[in-house]
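Q: Quick one: the structure is below, and I'll ask about it shortly.
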Amino acid sequence: MEFNQAPSFTMHIDLNSCFASIEQQANPFLRGKPVAVAAFATDRGCILAASVEAKKLGIKTGMRVFEGRRIYPKLVVLPPDPWKYRCVHLELRRLISEYTSDFVPKSIDEFTLNLEGYPAAKTASLGVVAQEIKQRIKSEIGDWLTVSVGIAPNRYLAKIAAGLHKPDGLDEINKDNFLDVYSKLKLTDLTGIKTRNAVRLNSMGIYSVLSFYEAPIWQLRAAFHSINGLYWHMRLGGFEVDNIEFGRRSYGNSVAIGANISKTDDLSPILARLTEKMCMRLRMSGYSAGGVHLGIVYKDGSWWHKGRQMSGPRFDSRDLYKAAFNLLSEANPGKPVLNIAVSCFDLTKSKNLQLEFFNDLPRKKKLVEAEDRINARWGGFTVGSARSFRGGGVVLDRIAFGGIKELEEFTLNS
Amino acid sequence: MTINESVTVGSIDGNPKYIIWKGRNYTVTGIGLHHRFREGSTLYHVFSVTTDTLFLRLRLNTDNLLWILEEIEDGI
C-alpha cells in the first residue's frame, strides 16, 4: 500500500515527565535534580513519574521507591498532588483550544489535535505552530515545562513522532521520511506492539517495522486473527483509523493498599469508600447502573474478580455497596490484598424512574440528591455512610493512569 | 516541612509579594506555580513561591480570604 500522500494535519503533544516536571515547576529548588513522584513516599511506594534527570540515571515509572534510591540515594520522592496536575492540564487545554476546537485529551499529559482547516495551519506550517505552542507553554504555564510534539497524517504516527526525541522533541512523520523513520525503529518501539503482538508478527516472518509496513493485509489478518490486521496496515500507511471516541460504559474506582489487610471486615470500609466515590461520579453524570463488578489482586500475585447484575438500575451508593459487599464476602480474601477495584456497568440515563413495589425509589432519590447537594457545597464525604468514613485514610485522591474518562469530570467552576 | 499556620501575605495583582510569619518578613522572589482547587463550593488558590533561600506553599481561602502557610522547605 502506498503511504498516505495527504499533508500532515495531526499533532500529538506530550508533556514530558508530567508529574515530576510540574513539581519542579512549582519548586525551583528541585530543578536539575532527580525527582520522583510516587504513590507513597515509603520504600515500597510505586514511582508514578520520574523527572528527566532521574530518567537519565535509569529510574523509571513503575519502579519501587527503594529501587530508585538504590540507583540514586539522594532521589527526592514526593507524594502526588492531583490538583496541581489537573490545573496544568486545564491550562494546556485552554491554550490548545486557541488553535483548534478539534482536539482530544488522551490522558492528563497528552493531547491529539486536528488542525485541518483551522487558521493556524493555513497561515503557517505545523512545525511553526508547534514551536509557537512550545514557546507559549513556557511563557504562559511554566518555564520548566517541556513538551514533545509529533506531527503526522494520522493520530497514531503523530504519537510515534512525539516519542522519537524526548524531552522537548519536535518530529514529523510524512510521505517523504516514513521509510527512514521506520528503518530506525524496533517493532516494540511501536505503541500497542509489546511482546505478545511482536511474537504474533514474528510468527508470520515479520521482524521489523519496515516489513510490518510492507506486509500484505492477509498476512496481518493472519497474524492478529482479526480485523486488527487491517487497522495496523492503515495506521502504518498514515491513514486514520483511531478517530473513534468510545462512550462511557462503566464507572469504577480502585486503590492500592499498603498495609497487610486480608479480612472482609477490614476491607469493607475501603470498599464502601470506593463505592461512594464511584456512585457520586455516576450520579453526577445522570446515570444509574444495572450491575456491579469487584476485582481483587492479592500480594502473592493471584487475583479474583466477579460481576453481578442487580435487580434493576440503581443509583444509591448503599444499594451498590450491598451488591459489592456480597461479592467481597464471596471472595472471602483470607490473604493480604494489594489492590481492590469496584466498578459498575450496564449504565442507563436515570431521567425517569421505574417505580418499584417494595422500594420507594422517588423518596430514595430525594435523599440521595440532598446528600449530593451537601457534599457539593461542603466537599466530598461531608455526609456519607459511617462505614465509608473508616476507609478515608486509605482511599486518597489520585489520578488514574491514562484515565481520560475522569478528565471529563473535573472542573474548577462552581 | 508541614506548617499549616495562618500568615499575613502582601500581594499585588493577586500575586504574593511578601509573607509575615512569626514576626519575620519574607520577600517573595518568584512564583513557581499557581494552581486552584475546590473543596465543596470553596475555591482555594495555592501559590508555590520562593524567597532567596526558601520554598513556601501558600493557600488562600477565597471565602474568608485567610492565607495559610502550608509548607516550608529550605533549598534541599
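The chains in the C-alpha cells are called A, B, ... from first to last as shown; in each chain the residues are counted from 1, and the ligands are counted from 1 in the order shown.
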Can you pull out every residue from range 69-287 of chain A that DSSP, working from the backbone, puts in strand (DSSP E or B), and format the result as a PyMOL selection string?
A: chain A and resi 76-78+103-107+110-114+147-152+170-172+251-256+287
Q: Excluding Pro333 in chain A and any residue of its chain fewer than 4 positions from it, enumerate the residues within 12 Å of it, using only C-alpha atoms, and give them as a PyMOL selection string.
A: chain A and resi 260-268+295-300+302-305+327-329+337-340
Q: Which residue gives the smallest distance to chain A among B:Thr8, B:Thr42, B:Asn15, B:Thr29, with only C-alpha atoms counted?
A: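 Looking at the shortest contact to chain A, the residue is B:Thr42.
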Q: Where does chain B meet chain A within 8 Å, residue by residue, with the nearest atom pair and distance in Å to one decimal for each, counting only C-alpha atoms, listed by chain and rising number, as a tab-separated table?
A:
residue	atom	partner	partner_atom	distance
B:Ile31	CA	A:Ala26	CA	7.6
B:Gly32	CA	A:Ala26	CA	4.2
B:Leu33	CA	A:Ala26	CA	4.6
B:His34	CA	A:Ala26	CA	7.9
B:His35	CA	A:Cys87	CA	5.9
B:Arg36	CA	A:Cys87	CA	6.8
B:Phe37	CA	A:Trp83	CA	6.2
B:Arg38	CA	A:Leu412	CA	6.4
B:Glu39	CA	A:Gly379	CA	4.8
B:Gly40	CA	A:Gly379	CA	3.4
B:Ser41	CA	A:Arg377	CA	4.8
B:Thr42	CA	A:Trp378	CA	7.7
B:Leu43	CA	A:Leu412	CA	7.9
B:Ser48	CA	A:Ala26	CA	5.4
B:Val49	CA	A:Asn27	CA	7.3
B:Thr50	CA	A:Asn27	CA	7.5
B:Phe55	CA	A:Asn27	CA	6.5
B:Gly75	CA	A:Phe29	CA	5.6
B:Ile76	CA	A:Phe29	CA	6.9
Q: Env of Leu66 in chain B: 10 Å cut, atoms = only C-alpha atoms, seq-sep filter 3 positions within chain, self excluded. Answer as number ranges by chain.
A: B: 6-9, 44, 59-63
Q: With N, CA and C atoms kept, could you save the residues just selected as a PDB file, in the first residue's frame?
A:
ATOM      1  N   SER B   6      -1.670  30.169  60.005  1.00  0.00           N
ATOM      2  CA  SER B   6      -2.174  31.388  59.382  1.00  0.00           C
ATOM      3  C   SER B   6      -1.037  32.412  59.261  1.00  0.00           C
ATOM      4  N   VAL B   7      -0.946  33.073  58.098  1.00  0.00           N
ATOM      5  CA  VAL B   7       0.105  34.078  57.900  1.00  0.00           C
ATOM      6  C   VAL B   7      -0.485  35.323  57.254  1.00  0.00           C
ATOM      7  N   THR B   8       0.259  36.425  57.348  1.00  0.00           N
ATOM      8  CA  THR B   8      -0.127  37.649  56.642  1.00  0.00           C
ATOM      9  C   THR B   8       0.628  37.683  55.324  1.00  0.00           C
ATOM     10  N   VAL B   9      -0.113  37.937  54.249  1.00  0.00           N
ATOM     11  CA  VAL B   9       0.516  37.967  52.928  1.00  0.00           C
ATOM     12  C   VAL B   9       0.193  39.288  52.256  1.00  0.00           C
ATOM     13  N   TYR B  44      -9.995  27.537  46.422  1.00  0.00           N
ATOM     14  CA  TYR B  44      -8.693  27.812  47.047  1.00  0.00           C
ATOM     15  C   TYR B  44      -7.673  28.111  45.952  1.00  0.00           C
ATOM     16  N   ARG B  59      -1.722  28.907  50.778  1.00  0.00           N
ATOM     17  CA  ARG B  59      -3.094  28.612  50.328  1.00  0.00           C
ATOM     18  C   ARG B  59      -4.013  29.743  50.736  1.00  0.00           C
ATOM     19  N   LEU B  60      -4.756  30.254  49.760  1.00  0.00           N
ATOM     20  CA  LEU B  60      -5.718  31.323  50.037  1.00  0.00           C
ATOM     21  C   LEU B  60      -7.128  30.763  49.946  1.00  0.00           C
ATOM     22  N   ASN B  61      -7.900  30.908  51.021  1.00  0.00           N
ATOM     23  CA  ASN B  61      -9.301  30.519  51.013  1.00  0.00           C
ATOM     24  C   ASN B  61     -10.096  31.724  50.519  1.00  0.00           C
ATOM     25  N   THR B  62     -10.746  31.592  49.365  1.00  0.00           N
ATOM     26  CA  THR B  62     -11.422  32.764  48.779  1.00  0.00           C
ATOM     27  C   THR B  62     -12.744  33.078  49.474  1.00  0.00           C
ATOM     28  N   ASP B  63     -13.208  32.216  50.371  1.00  0.00           N
ATOM     29  CA  ASP B  63     -14.422  32.529  51.139  1.00  0.00           C
ATOM     30  C   ASP B  63     -14.113  33.503  52.267  1.00  0.00           C
TER      31      ASP B  63
END
Q: Excluding Asn197 in chain A and its own-chain neighbours fewer than 3 positions away, which residues fall within 9 Å of it when counting only C-alpha atoms? Please give them as a list in words.
A: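 Non-adjacent residues within range: Thr188, Gly192, Ile193, Lys194, Arg200, Leu201, Asn202, Ala223 and Phe224 of chain A.
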Q: Go ahead and write the selection's residues with C-alpha atoms as a PDB file, in the first residue's frame.
A:
ATOM      1  CA  THR A 188       8.320  -2.999  20.229  1.00  0.00           C
ATOM      2  CA  GLY A 192       0.497  -1.183  21.027  1.00  0.00           C
ATOM      3  CA  ILE A 193       3.172  -3.697  19.998  1.00  0.00           C
ATOM      4  CA  LYS A 194       4.654  -5.364  23.013  1.00  0.00           C
ATOM      5  CA  ARG A 200       2.385 -12.821  16.574  1.00  0.00           C
ATOM      6  CA  LEU A 201       4.161 -10.782  13.919  1.00  0.00           C
ATOM      7  CA  ASN A 202       7.338 -12.880  14.213  1.00  0.00           C
ATOM      8  CA  ALA A 223      -1.028 -12.613  12.487  1.00  0.00           C
ATOM      9  CA  PHE A 224      -3.701 -10.874  14.579  1.00  0.00           C
TER      10      PHE A 224
END
Q: To one decimal place, how far is CA of Tyr156 in chain A from CA of Arg235 in chain A in Å?
A: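 Taking CA of Tyr156 in chain A as the start and CA of Arg235 in chain A as the end point, the length is 6.4 Å.
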Q: Mind the document's chain letters and residue numbers, and return as an MDAnalysis selection string the residues of range 30-265 of chain A that DSSP labels alpha helix (DSSP H).
A: chainID A and resid 52:56 65:71 82:96 119:123 126:136 155:162 178:183 195:203 209:214 217:224 228:236 264:265
Q: Kindly give the distance, in Å, that separates CA of Val342 in chain A and CA of Ser285 in chain A, rounded to a single decimal.
A: 17.8 Å
Q: Quick one: pull the distance between CA of Pro336 in chain A and CA of Leu271 in chain A, Å, one decimal.
A: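 Distance between the two atoms: 14.9 Å.
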